[in-house]
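A.B. asks: For reference, the file model.txt (compact mmCIF, C-alpha atoms and all ligand atoms) is included below:
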```txt
# COMPACT_ATOMS: atom_id res chain seq x y z
CA MET W 1 -11.36 -50.16 -12.16
CA ILE W 2 -8.77 -52.68 -11.09
CA SER W 3 -9.55 -55.18 -8.38
CA ARG W 4 -7.17 -55.49 -5.47
CA THR W 5 -8.73 -58.59 -3.96
CA LEU W 6 -5.52 -60.51 -4.54
CA SER W 7 -2.14 -59.29 -5.66
CA VAL W 8 1.35 -60.69 -6.00
CA ALA W 9 3.93 -58.55 -4.22
CA PRO W 10 6.73 -56.62 -5.86
CA MET W 11 9.86 -58.72 -5.36
CA MET W 12 13.23 -57.53 -6.55
CA GLY W 13 15.00 -60.13 -8.65
CA TRP W 14 11.89 -62.29 -8.72
CA THR W 15 8.83 -60.55 -10.23
CA ASP W 16 10.46 -59.64 -13.51
CA ARG W 17 8.48 -59.67 -16.74
CA HIS W 18 9.04 -63.40 -17.32
CA ALA W 19 7.77 -64.32 -13.86
CA ARG W 20 4.76 -62.08 -14.35
CA TYR W 21 3.90 -63.57 -17.72
CA PHE W 22 4.02 -67.03 -16.15
CA LEU W 23 1.86 -66.00 -13.17
CA ARG W 24 -0.65 -64.46 -15.54
CA LEU W 25 -1.13 -67.83 -17.21
CA ILE W 26 -2.23 -69.16 -13.82
CA SER W 27 -4.58 -66.33 -12.81
CA ARG W 28 -6.23 -63.85 -15.13
CA HIS W 29 -7.41 -61.42 -12.45
CA THR W 30 -4.71 -61.25 -9.80
CA LEU W 31 -3.03 -57.84 -9.72
CA LEU W 32 0.70 -58.12 -10.43
CA TYR W 33 3.49 -55.76 -9.38
CA THR W 34 6.85 -55.12 -10.96
CA GLU W 35 10.07 -55.16 -9.01
CA MET W 36 10.89 -51.78 -7.49
CA VAL W 37 12.47 -49.33 -9.92
CA ASN W 38 14.05 -46.27 -8.40
CA THR W 39 13.44 -42.86 -9.87
CA GLY W 40 17.16 -42.18 -10.24
CA ALA W 41 17.61 -45.21 -12.48
CA MET W 42 14.59 -44.26 -14.54
CA LEU W 43 15.44 -40.61 -15.00
CA ASN W 44 19.20 -40.55 -15.01
CA ASN W 45 20.25 -38.79 -18.19
CA LYS W 46 23.13 -41.17 -18.63
CA GLN W 47 20.70 -44.01 -19.13
CA THR W 48 19.85 -44.60 -22.72
CA ILE W 49 16.29 -44.56 -23.94
CA GLY W 50 16.72 -48.32 -24.30
CA ASP W 51 17.33 -48.62 -20.57
CA GLN W 52 14.24 -46.61 -19.78
CA ARG W 53 12.23 -48.87 -22.03
CA ARG W 54 13.66 -51.89 -20.26
CA PHE W 55 12.38 -50.66 -16.88
CA LEU W 56 8.96 -50.08 -18.34
CA ALA W 57 8.75 -53.13 -20.59
CA PHE W 58 5.93 -55.58 -20.15
CA HIS W 59 3.77 -57.89 -22.23
CA GLU W 60 0.17 -56.87 -22.93
CA MET W 61 -0.89 -60.11 -21.26
CA GLU W 62 0.39 -58.89 -17.90
CA HIS W 63 -2.48 -56.50 -17.15
CA PRO W 64 -3.63 -55.66 -14.53
CA LEU W 65 -0.14 -54.51 -13.66
CA ALA W 66 1.33 -51.97 -11.24
CA LEU W 67 4.74 -50.34 -11.44
CA GLN W 68 6.48 -49.93 -8.10
CA LEU W 69 8.69 -46.88 -7.68
CA GLY W 70 11.37 -46.16 -5.11
CA GLY W 71 12.13 -42.52 -4.42
CA SER W 72 11.34 -39.53 -2.25
CA ASP W 73 11.62 -36.55 -4.58
CA PRO W 74 8.06 -35.50 -5.44
CA ALA W 75 9.00 -34.03 -8.83
CA ALA W 76 11.01 -37.09 -9.87
CA LEU W 77 8.25 -39.42 -8.72
CA ALA W 78 5.68 -37.39 -10.62
CA GLU W 79 7.73 -37.66 -13.79
CA CYS W 80 8.18 -41.41 -13.36
CA ALA W 81 4.47 -41.82 -12.64
CA MET W 82 3.73 -40.09 -15.96
CA MET W 83 6.13 -42.43 -17.73
CA ALA W 84 4.36 -45.37 -16.09
CA GLU W 85 0.96 -44.15 -17.21
CA ASP W 86 2.22 -43.51 -20.74
CA ALA W 87 3.70 -46.99 -20.85
CA GLY W 88 0.28 -48.41 -19.97
CA PHE W 89 0.60 -49.45 -16.33
CA ASP W 90 -2.65 -49.73 -14.39
CA GLU W 91 -1.31 -48.38 -11.10
CA VAL W 92 1.77 -46.76 -9.70
CA ASN W 93 2.95 -47.71 -6.23
CA LEU W 94 5.44 -46.08 -3.92
CA ASN W 95 7.77 -48.28 -1.88
CA VAL W 96 7.76 -47.27 1.78
CA GLY W 97 8.68 -50.71 3.06
CA CYS W 98 12.11 -51.74 1.86
CA PRO W 99 14.66 -51.61 4.69
CA SER W 100 17.92 -52.27 2.79
CA ASP W 101 20.95 -50.08 3.50
CA ARG W 102 21.23 -49.10 -0.14
CA VAL W 103 17.66 -47.93 -0.23
CA LYS W 104 17.99 -46.15 3.11
CA SER W 105 21.09 -44.27 1.97
CA GLY W 106 19.15 -43.22 -1.14
CA HIS W 107 16.47 -41.85 1.24
CA PHE W 108 13.60 -44.01 0.13
CA GLY W 109 11.88 -47.22 1.18
CA ALA W 110 10.95 -47.95 4.80
CA CYS W 111 12.84 -44.97 6.28
CA LEU W 112 10.07 -42.79 4.82
CA MET W 113 7.68 -44.18 7.45
CA ALA W 114 9.25 -41.50 9.67
CA GLU W 115 8.34 -38.76 7.16
CA PRO W 116 4.61 -38.95 6.49
CA ASP W 117 4.48 -35.32 5.30
CA LEU W 118 7.06 -36.04 2.62
CA VAL W 119 5.27 -39.23 1.55
CA ALA W 120 2.02 -37.25 1.33
CA ASP W 121 3.78 -34.66 -0.85
CA CYS W 122 5.11 -37.44 -3.10
CA VAL W 123 1.64 -38.90 -3.51
CA THR W 124 0.11 -35.48 -4.20
CA ALA W 125 2.75 -34.74 -6.84
CA MET W 126 2.11 -38.06 -8.59
CA LYS W 127 -1.66 -37.72 -8.37
CA ALA W 128 -1.46 -34.29 -9.98
CA LYS W 129 0.12 -35.81 -13.09
CA VAL W 130 -1.63 -39.12 -13.64
CA SER W 131 -5.13 -40.52 -13.67
CA ILE W 132 -4.15 -44.10 -12.76
CA PRO W 133 -4.34 -44.97 -9.04
CA VAL W 134 -1.39 -44.02 -6.86
CA THR W 135 -0.85 -46.38 -3.94
CA VAL W 136 1.64 -46.80 -1.11
CA LYS W 137 3.18 -50.01 0.22
CA CYS W 138 4.37 -49.54 3.77
CA ARG W 139 5.21 -51.32 7.01
CA ILE W 140 3.34 -51.00 10.31
CA GLY W 141 6.31 -49.03 11.63
CA ILE W 142 10.08 -48.79 11.81
CA ASP W 143 12.62 -48.91 14.62
CA GLU W 144 11.28 -47.36 17.81
CA MET W 145 7.77 -46.71 16.48
CA GLU W 146 5.70 -48.72 18.91
CA GLY W 147 2.08 -49.78 18.72
CA TYR W 148 -0.73 -48.89 16.38
CA GLN W 149 -0.84 -45.09 16.68
CA PRO W 150 2.23 -44.29 14.51
CA LEU W 151 0.76 -46.40 11.69
CA LEU W 152 -2.55 -44.58 12.01
CA ARG W 153 -0.85 -41.18 11.95
CA PHE W 154 1.21 -42.16 8.90
CA VAL W 155 -1.82 -43.41 7.00
CA GLU W 156 -3.98 -40.41 7.91
CA LYS W 157 -1.36 -38.01 6.65
CA VAL W 158 -0.67 -39.91 3.42
CA GLN W 159 -4.39 -40.26 2.84
CA GLN W 160 -4.63 -36.47 2.86
CA GLY W 161 -2.07 -36.53 0.04
CA GLY W 162 -4.61 -38.48 -2.03
CA CYS W 163 -3.35 -42.06 -1.73
CA ASP W 164 -5.77 -44.48 -3.41
CA ALA W 165 -4.85 -47.60 -1.43
CA PHE W 166 -2.49 -48.74 1.29
CA ILE W 167 -0.71 -52.04 1.16
CA VAL W 168 0.52 -52.76 4.64
CA HIS W 169 3.23 -55.33 5.29
CA ALA W 170 2.07 -56.21 8.77
CA ARG W 171 5.43 -56.16 10.52
CA LYS W 172 7.74 -53.35 11.36
CA ALA W 173 11.21 -52.99 9.90
CA TRP W 174 14.44 -52.49 11.79
CA LEU W 175 16.67 -50.17 9.82
CA GLN W 176 19.84 -51.09 11.63
CA GLY W 177 21.54 -54.40 12.28
CA VAL W 178 18.92 -56.52 10.54
CA SER W 179 19.16 -57.64 6.92
CA PRO W 180 16.24 -57.23 4.48
CA LYS W 181 15.71 -60.99 4.65
CA GLN W 182 15.61 -60.99 8.45
CA ASN W 183 13.28 -58.00 8.27
CA ARG W 184 10.79 -60.27 6.51
CA GLU W 185 11.01 -62.85 9.28
CA ILE W 186 12.03 -61.47 12.66
CA PRO W 187 9.65 -58.62 13.52
CA PRO W 188 6.36 -60.27 14.52
CA LEU W 189 3.33 -60.06 12.23
CA MET W 190 0.63 -57.80 13.69
CA TYR W 191 -2.37 -58.41 11.48
CA GLU W 192 -4.60 -56.84 14.11
CA TYR W 193 -3.11 -53.38 13.40
CA VAL W 194 -4.09 -53.67 9.75
CA HIS W 195 -7.56 -54.93 10.60
CA ARG W 196 -8.04 -52.11 13.07
CA LEU W 197 -7.00 -49.59 10.44
CA LYS W 198 -9.75 -50.82 8.12
CA GLN W 199 -12.24 -50.89 10.98
CA GLU W 200 -11.51 -47.32 12.04
CA LYS W 201 -11.07 -45.95 8.51
CA PRO W 202 -13.60 -47.94 6.49
CA SER W 203 -13.44 -45.56 3.53
CA LEU W 204 -9.76 -46.38 2.94
CA THR W 205 -8.70 -49.23 0.70
CA ILE W 206 -6.49 -51.44 2.84
CA ILE W 207 -4.53 -54.43 1.56
CA ILE W 208 -2.79 -56.76 3.97
CA ASN W 209 0.59 -58.38 3.30
CA GLY W 210 2.98 -60.65 5.15
CA GLY W 211 3.19 -64.39 5.80
CA ILE W 212 -0.01 -65.36 3.98
CA LYS W 213 0.28 -68.78 2.42
CA ASP W 214 -3.00 -70.45 1.60
CA MET W 215 -6.50 -69.95 0.31
CA ALA W 216 -8.19 -70.46 3.68
CA VAL W 217 -6.13 -67.65 5.22
CA ILE W 218 -6.73 -65.41 2.20
CA GLN W 219 -10.48 -65.96 2.52
CA ASP W 220 -10.32 -65.23 6.21
CA GLN W 221 -8.27 -62.05 5.75
CA LEU W 222 -10.76 -60.79 3.18
CA LYS W 223 -13.35 -60.60 5.97
CA HIS W 224 -11.24 -57.85 7.54
CA VAL W 225 -9.60 -55.94 4.68
CA ASP W 226 -10.11 -55.08 1.01
CA GLY W 227 -7.37 -57.24 -0.38
CA VAL W 228 -4.50 -59.61 0.23
CA MET W 229 -1.02 -59.35 -1.21
CA ILE W 230 1.08 -62.50 -1.38
CA GLY W 231 4.84 -62.42 -1.78
CA ARG W 232 7.09 -65.40 -1.27
CA GLU W 233 4.41 -68.07 -1.36
CA ALA W 234 3.28 -66.97 -4.82
CA TYR W 235 6.83 -67.53 -5.98
CA TYR W 236 7.62 -70.75 -4.14
CA ASN W 237 4.19 -72.23 -4.81
CA PRO W 238 2.62 -70.38 -7.76
CA TYR W 239 -0.06 -73.01 -8.30
CA LEU W 240 -1.68 -71.48 -5.22
CA LEU W 241 -3.15 -69.01 -7.72
CA ALA W 242 -4.81 -71.68 -9.87
CA ALA W 243 -8.27 -71.43 -8.37
CA VAL W 244 -8.38 -67.77 -7.36
CA ASP W 245 -10.18 -66.51 -10.47
CA ARG W 246 -13.09 -68.79 -9.61
CA GLU W 247 -12.95 -68.68 -5.84
CA LEU W 248 -12.11 -65.04 -5.18
CA TYR W 249 -13.26 -63.26 -8.31
CA GLY W 250 -16.36 -65.35 -8.99
CA ASP W 251 -15.27 -65.92 -12.59
CA THR W 252 -17.09 -69.18 -13.13
CA GLN W 253 -15.85 -69.39 -16.73
CA ALA W 254 -12.19 -69.30 -15.67
CA PRO W 255 -10.47 -72.59 -16.38
CA VAL W 256 -8.53 -74.20 -13.55
CA LYS W 257 -5.56 -75.32 -15.60
CA THR W 258 -3.36 -78.27 -14.79
CA ARG W 259 0.28 -77.53 -14.13
CA GLN W 260 1.22 -79.20 -17.39
CA GLN W 261 -1.23 -77.01 -19.33
CA ILE W 262 0.33 -73.93 -17.80
CA VAL W 263 3.81 -75.08 -18.82
CA GLU W 264 2.67 -75.87 -22.35
CA GLU W 265 0.99 -72.48 -22.66
CA LEU W 266 4.35 -70.94 -21.92
CA TYR W 267 6.05 -72.59 -24.90
CA ASP W 268 5.22 -69.97 -27.54
CA TYR W 269 6.37 -67.21 -25.24
CA ILE W 270 9.61 -69.06 -24.53
CA ASP W 271 10.27 -69.62 -28.23
CA GLU W 272 9.75 -65.90 -28.88
CA GLN W 273 12.05 -64.93 -26.03
CA LEU W 274 14.77 -67.40 -27.01
CA ALA W 275 14.65 -66.01 -30.54
CA SER W 276 15.25 -62.54 -29.15
CA GLY W 277 18.29 -63.70 -27.22
CA VAL W 278 16.88 -64.41 -23.76
CA ALA W 279 18.42 -67.46 -22.06
CA LEU W 280 16.06 -70.30 -21.18
CA HIS W 281 17.01 -70.16 -17.52
CA ALA W 282 15.92 -66.51 -17.27
CA ILE W 283 12.40 -67.89 -17.69
CA THR W 284 12.58 -71.39 -16.21
CA ARG W 285 14.04 -70.16 -12.93
CA HIS W 286 10.60 -68.73 -12.20
CA ILE W 287 8.74 -71.97 -12.79
CA LEU W 288 10.76 -74.17 -10.43
CA GLY W 289 8.06 -73.99 -7.74
CA LEU W 290 5.18 -74.98 -10.00
CA TYR W 291 5.16 -78.63 -8.89
CA GLN W 292 5.67 -77.81 -5.22
CA GLY W 293 4.18 -80.64 -3.19
CA CYS W 294 3.80 -82.99 -6.19
CA ASN W 295 5.61 -86.24 -6.85
CA GLY W 296 8.82 -85.56 -8.72
CA ALA W 297 9.01 -81.87 -7.76
CA LYS W 298 12.64 -82.19 -6.79
CA ALA W 299 13.63 -83.86 -10.06
CA TRP W 300 11.69 -81.18 -11.96
CA ARG W 301 13.61 -78.41 -10.20
CA ARG W 302 16.94 -80.16 -10.56
CA HIS W 303 16.53 -80.91 -14.25
CA LEU W 304 15.52 -77.34 -15.07
CA SER W 305 18.27 -75.82 -12.94
CA GLU W 306 21.03 -78.04 -14.25
CA ASN W 307 20.04 -77.92 -17.91
CA GLY W 308 18.31 -74.57 -18.33
CA THR W 309 21.62 -72.73 -18.15
CA LYS W 310 23.42 -74.81 -20.80
CA PRO W 311 24.23 -73.12 -24.11
CA GLY W 312 21.47 -73.70 -26.64
CA ALA W 313 18.98 -74.85 -23.97
CA ASP W 314 15.44 -74.76 -25.34
CA ILE W 315 11.93 -76.16 -24.82
CA ARG W 316 13.27 -79.72 -24.93
CA VAL W 317 14.73 -79.17 -21.47
CA ILE W 318 11.23 -78.49 -20.16
CA GLU W 319 9.70 -81.39 -22.06
CA THR W 320 12.16 -83.74 -20.41
CA ALA W 321 11.59 -82.20 -16.97
CA LEU W 322 7.85 -82.79 -17.41
CA GLN W 323 8.51 -86.51 -17.60
CA PHE W 324 9.58 -86.51 -13.96
CA VAL W 325 6.38 -85.06 -12.56
CA ALA W 326 2.70 -85.79 -12.26
CA ASP W 327 0.00 -83.20 -11.59
C1 LIG Z 1 13.23 -61.55 -2.95
C2 LIG Z 1 12.35 -60.46 -2.44
C3 LIG Z 1 12.42 -59.19 -3.01
C4 LIG Z 1 11.56 -58.16 -2.55
N1 LIG Z 1 11.58 -56.96 -3.19
C5 LIG Z 1 10.66 -56.00 -2.86
C6 LIG Z 1 10.52 -54.82 -3.62
O1 LIG Z 1 11.19 -54.59 -4.63
N2 LIG Z 1 9.58 -53.91 -3.19
C7 LIG Z 1 8.78 -54.12 -2.09
O2 LIG Z 1 7.94 -53.30 -1.75
N3 LIG Z 1 8.89 -55.25 -1.38
C8 LIG Z 1 9.79 -56.20 -1.73
N4 LIG Z 1 9.83 -57.38 -1.05
C9 LIG Z 1 8.88 -57.60 0.06
C10 LIG Z 1 7.59 -58.25 -0.46
O3 LIG Z 1 6.95 -57.41 -1.38
C11 LIG Z 1 6.62 -58.58 0.71
O4 LIG Z 1 6.25 -57.38 1.33
C12 LIG Z 1 7.27 -59.49 1.75
O5 LIG Z 1 7.94 -60.58 1.15
C13 LIG Z 1 6.21 -60.01 2.74
O6 LIG Z 1 5.23 -60.77 2.08
P1 LIG Z 1 5.25 -62.38 2.09
O7 LIG Z 1 5.39 -62.81 3.53
O8 LIG Z 1 3.96 -62.80 1.48
O9 LIG Z 1 6.44 -62.80 1.31
C14 LIG Z 1 10.67 -58.41 -1.48
C15 LIG Z 1 10.61 -59.69 -0.92
C16 LIG Z 1 11.43 -60.71 -1.40
C17 LIG Z 1 11.31 -62.09 -0.79
```
Using structure tokens, write down the structure from this file.

C.D. replies:
Amino acid sequence: MISRTLSVAPMMGWTDRHARYFLRLISRHTLLYTEMVNTGAMLNNKQTIGDQRRFLAFHEMEHPLALQLGGSDPAALAECAMMAEDAGFDEVNLNVGCPSDRVKSGHFGACLMAEPDLVADCVTAMKAKVSIPVTVKCRIGIDEMEGYQPLLRFVEKVQQGGCDAFIVHARKAWLQGVSPKQNREIPPLMYEYVHRLKQEKPSLTIIINGGIKDMAVIQDQLKHVDGVMIGREAYYNPYLLAAVDRELYGDTQAPVKTRQQIVEELYDYIDEQLASGVALHAITRHILGLYQGCNGAKAWRRHLSENGTKPGADIRVIETALQFVAD
């Protein structure tokens, strides 16, 4: 069984396979999520098999790993869930939180908060086809949904569909006039709704998400819910994960690596990827935040950004960048 004590959020454009490999070097146990993949892109006949493989590609090291799907057609979601299970993912998650116009016009993401019956049908269809857990990532509400009751009604209905865990981004989303970025900042965080959900429905697995940035807050949240999901902070400050295997998972054998060790452990992977045609920057862009808060962090970021994109850039760029920083 996978542990959901701590997870890193699905983040489009950010949590690609390179970012996940890097994060895995920092924490062995944290559950990782892919970027959202929509069912249309996965199933579209015009896509080549190669494209399908690309959506489902990951390194064995990345486990435990969840695939996040975007969609609202139960049959399509069920088929994609099967593909996820066949590819070896540990969980499949449905996105009911993304407020972007593109996603809304495709009839998936946060707009589905208004259609709990449909979400329940989606979950039931996926559950019927796979034995890995099927989870839902949602908001506390959208638009005019006010207060705690709409969240409770949504969760109760989707639970009946067989949902194994709810990840609740503890702010509502405005589907009109507010950008996705603003929708991660403007609506106020209402952690108390998520705590109340766990209190009133103790048999449900409830994960809290939104604005959580340090270990003390994670520890505190874990008194109220089953798990914590971290998004932006895990990307801007990935070293936050360095002690979680010991402190949250009780893995006393887990090494707390230095930042430099983590970078050096990435070298073999980078060499492999460069040899297969991946550009250095596709990997180094995810490690810019590693020295966040350390002396030389700015020079580290600048050196990697300016040189990682040059033709022929390789490990030497990182070796030089390391000379600017101290753990
Ligand atoms: C760049 C970016 C891309 C995101 N893409 C997704 C996505 O594909 N699926 C999803 O459910 N949430 C997505 N989110 C939302 C995050 O998963 C998370 O819910 C949100 O950032 C709040 O958590 P945080 O305050 O810890 O960052 C994205 C967030 C960011 C910053």

A.B. asks: Residues within 8 Å of ligand LIG 1 (chain Z) (only C-alpha atoms and all ligand atoms), as a CSV table (one decimal) with C-alpha atoms, keeping the file's coordinate frame?

C.D. replies:
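New file part02.csv:
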```
chain,number,residue,atom,x,y,z
W,8,VAL,CA,1.4,-60.7,-6.0
W,9,ALA,CA,3.9,-58.6,-4.2
W,10,PRO,CA,6.7,-56.6,-5.9
W,11,MET,CA,9.9,-58.7,-5.4
W,12,MET,CA,13.2,-57.5,-6.6
W,13,GLY,CA,15.0,-60.1,-8.6
W,14,TRP,CA,11.9,-62.3,-8.7
W,34,THR,CA,6.8,-55.1,-11.0
W,35,GLU,CA,10.1,-55.2,-9.0
W,36,MET,CA,10.9,-51.8,-7.5
W,37,VAL,CA,12.5,-49.3,-9.9
W,68,GLN,CA,6.5,-49.9,-8.1
W,94,LEU,CA,5.4,-46.1,-3.9
W,95,ASN,CA,7.8,-48.3,-1.9
W,96,VAL,CA,7.8,-47.3,1.8
W,97,GLY,CA,8.7,-50.7,3.1
W,98,CYS,CA,12.1,-51.7,1.9
W,109,GLY,CA,11.9,-47.2,1.2
W,137,LYS,CA,3.2,-50.0,0.2
W,138,CYS,CA,4.4,-49.5,3.8
W,169,HIS,CA,3.2,-55.3,5.3
W,181,LYS,CA,15.7,-61.0,4.6
W,184,ARG,CA,10.8,-60.3,6.5
W,209,ASN,CA,0.6,-58.4,3.3
W,210,GLY,CA,3.0,-60.6,5.2
W,211,GLY,CA,3.2,-64.4,5.8
W,212,ILE,CA,0.0,-65.4,4.0
W,213,LYS,CA,0.3,-68.8,2.4
W,229,MET,CA,-1.0,-59.4,-1.2
W,230,ILE,CA,1.1,-62.5,-1.4
W,231,GLY,CA,4.8,-62.4,-1.8
W,232,ARG,CA,7.1,-65.4,-1.3
W,233,GLU,CA,4.4,-68.1,-1.4
W,234,ALA,CA,3.3,-67.0,-4.8
```

A.B. asks: Mind pulling up the distance from CA of Val136 (chain W) to CA of Ile208 (chain W)?

C.D. replies: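 That distance, rounded to one decimal, is 12.0 Å.
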
A.B. asks: Calculate how many Å separate CA of Thr258 (chain W) from CA of Tyr291 (chain W), rounding to one decimal.

C.D. replies: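 Distance between the two atoms: 10.4 Å.
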
A.B. asks: Can you work out the spacing between CA of Pro99 (chain W) and CA of Cys111 (chain W) in Å, to one decimal?

C.D. replies: 7.1 Å

A.B. asks: Give me the residues within 10 Å of Gly289 (chain W) as a VMD selection string, counting all atoms listed in the file and dropping any in the same chain fewer than 3 places off.

C.D. replies: chain W and resid 233 to 239 284 to 286 292 to 293 297 to 298 300 to 301

A.B. asks: Between W:Arg259, W:His195, W:Lys223, W:Arg302, which has the minimum distance to Ile140 (chain W) (counting all atoms listed in the file)?

C.D. replies: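 Distance minimum relative to Ile140 (chain W) lands on W:His195.
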
A.B. asks: Of the candidates W:Leu175, W:Leu118, W:Leu241, W:Cys80, which one gets nearest to Val134 (chain W) if we count only C-alpha atoms?

C.D. replies: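 Counting only C-alpha atoms, the residue closest to Val134 (chain W) is W:Cys80.
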
A.B. asks: Contacts of Leu43 (chain W) at 12 Å or less, counting only C-alpha atoms, minus same-chain residues fewer than 6 places along, as a ChimeraX atom specification?

C.D. replies: /W:37,49,51-53,55-56,69,71,73,75-83

A.B. asks: Which one of W:Glu156, W:Glu85, W:Glu62, W:Asp314 sits closest to Asp271 (chain W) if you count all atoms listed in the file?

C.D. replies: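 For Asp271 (chain W), the nearest of the candidates is W:Asp314.
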
A.B. asks: Find the residues near Gln260 (chain W): any atom within 10 Å, counting only C-alpha atoms, skip ones fewer than 6 places away on the same chain, and give them as a short mmCIF file (atom, residue, chain, number, x, y, z; two decimals) with C-alpha atoms, in the frame of the given file.

C.D. replies:
```cif
data_model
loop_
_atom_site.label_atom_id
_atom_site.label_comp_id
_atom_site.auth_asym_id
_atom_site.auth_seq_id
_atom_site.Cartn_x
_atom_site.Cartn_y
_atom_site.Cartn_z
CA LEU W 266 4.35 -70.94 -21.92
CA LEU W 290 5.18 -74.98 -10.00
CA TYR W 291 5.16 -78.63 -8.89
CA GLU W 319 9.70 -81.39 -22.06
CA LEU W 322 7.85 -82.79 -17.41
CA VAL W 325 6.38 -85.06 -12.56
CA ALA W 326 2.70 -85.79 -12.26
CA ASP W 327 0.00 -83.20 -11.59
#
```

A.B. asks: Residues at most 10 Å from region 18-29 of chain W, counting only C-alpha atoms, excluding those fewer than 3 positions away in the same chain, as a CSV table (one decimal) with C-alpha atoms, keeping the file's coordinate frame?

C.D. replies:
```
chain,number,residue,atom,x,y,z
W,2,ILE,CA,-8.8,-52.7,-11.1
W,3,SER,CA,-9.6,-55.2,-8.4
W,4,ARG,CA,-7.2,-55.5,-5.5
W,5,THR,CA,-8.7,-58.6,-4.0
W,6,LEU,CA,-5.5,-60.5,-4.5
W,7,SER,CA,-2.1,-59.3,-5.7
W,8,VAL,CA,1.4,-60.7,-6.0
W,13,GLY,CA,15.0,-60.1,-8.6
W,14,TRP,CA,11.9,-62.3,-8.7
W,15,THR,CA,8.8,-60.6,-10.2
W,32,LEU,CA,0.7,-58.1,-10.4
W,33,TYR,CA,3.5,-55.8,-9.4
W,34,THR,CA,6.8,-55.1,-11.0
W,58,PHE,CA,5.9,-55.6,-20.2
W,59,HIS,CA,3.8,-57.9,-22.2
W,60,GLU,CA,0.2,-56.9,-22.9
W,61,MET,CA,-0.9,-60.1,-21.3
W,62,GLU,CA,0.4,-58.9,-17.9
W,63,HIS,CA,-2.5,-56.5,-17.2
W,64,PRO,CA,-3.6,-55.7,-14.5
W,65,LEU,CA,-0.1,-54.5,-13.7
W,234,ALA,CA,3.3,-67.0,-4.8
W,235,TYR,CA,6.8,-67.5,-6.0
W,238,PRO,CA,2.6,-70.4,-7.8
W,239,TYR,CA,-0.1,-73.0,-8.3
W,240,LEU,CA,-1.7,-71.5,-5.2
W,241,LEU,CA,-3.2,-69.0,-7.7
W,242,ALA,CA,-4.8,-71.7,-9.9
W,243,ALA,CA,-8.3,-71.4,-8.4
W,244,VAL,CA,-8.4,-67.8,-7.4
W,245,ASP,CA,-10.2,-66.5,-10.5
W,246,ARG,CA,-13.1,-68.8,-9.6
W,248,LEU,CA,-12.1,-65.0,-5.2
W,249,TYR,CA,-13.3,-63.3,-8.3
W,251,ASP,CA,-15.3,-65.9,-12.6
W,254,ALA,CA,-12.2,-69.3,-15.7
W,255,PRO,CA,-10.5,-72.6,-16.4
W,256,VAL,CA,-8.5,-74.2,-13.6
W,257,LYS,CA,-5.6,-75.3,-15.6
W,258,THR,CA,-3.4,-78.3,-14.8
W,259,ARG,CA,0.3,-77.5,-14.1
W,261,GLN,CA,-1.2,-77.0,-19.3
W,262,ILE,CA,0.3,-73.9,-17.8
W,263,VAL,CA,3.8,-75.1,-18.8
W,265,GLU,CA,1.0,-72.5,-22.7
W,266,LEU,CA,4.4,-70.9,-21.9
W,269,TYR,CA,6.4,-67.2,-25.2
W,270,ILE,CA,9.6,-69.1,-24.5
W,273,GLN,CA,12.0,-64.9,-26.0
W,282,ALA,CA,15.9,-66.5,-17.3
W,283,ILE,CA,12.4,-67.9,-17.7
W,284,THR,CA,12.6,-71.4,-16.2
W,285,ARG,CA,14.0,-70.2,-12.9
W,286,HIS,CA,10.6,-68.7,-12.2
W,287,ILE,CA,8.7,-72.0,-12.8
```

A.B. asks: Taking into account all atoms listed in the file, which residue in the set W:Gly162, W:Gly88, W:Pro150, W:Pro188 is nearest to Thr124 (chain W)?

C.D. replies: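 Ranking W:Gly162, W:Gly88, W:Pro150, W:Pro188 by distance to Thr124 (chain W), first place goes to W:Gly162.
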
A.B. asks: Missing atoms in region 4-12 of chain W: can you complete it with N, CA and C atoms, as a short mmCIF file (atom, residue, chain, number, x, y, z; two decimals), in the coordinates of the input?

C.D. replies:
```
data_model
loop_
_atom_site.label_atom_id
_atom_site.label_comp_id
_atom_site.auth_asym_id
_atom_site.auth_seq_id
_atom_site.Cartn_x
_atom_site.Cartn_y
_atom_site.Cartn_z
N ARG W 4 -8.35 -55.22 -6.32
CA ARG W 4 -7.17 -55.49 -5.47
C ARG W 4 -7.41 -56.67 -4.56
N THR W 5 -8.41 -57.47 -4.84
CA THR W 5 -8.73 -58.59 -3.96
C THR W 5 -7.50 -59.44 -3.68
N LEU W 6 -6.76 -59.75 -4.74
CA LEU W 6 -5.52 -60.51 -4.54
C LEU W 6 -4.44 -59.89 -5.42
N SER W 7 -3.27 -59.78 -4.85
CA SER W 7 -2.14 -59.29 -5.66
C SER W 7 -0.89 -60.08 -5.31
N VAL W 8 0.04 -60.09 -6.25
CA VAL W 8 1.35 -60.69 -6.00
C VAL W 8 2.33 -59.54 -5.78
N ALA W 9 3.08 -59.64 -4.70
CA ALA W 9 3.93 -58.55 -4.22
C ALA W 9 5.06 -58.21 -5.19
N PRO W 10 5.50 -56.95 -5.13
CA PRO W 10 6.73 -56.62 -5.86
C PRO W 10 7.90 -57.33 -5.18
N MET W 11 8.70 -58.03 -5.96
CA MET W 11 9.86 -58.72 -5.36
C MET W 11 11.07 -58.58 -6.29
N MET W 12 12.01 -57.83 -5.79
CA MET W 12 13.23 -57.53 -6.55
C MET W 12 13.95 -58.82 -6.92
#
```
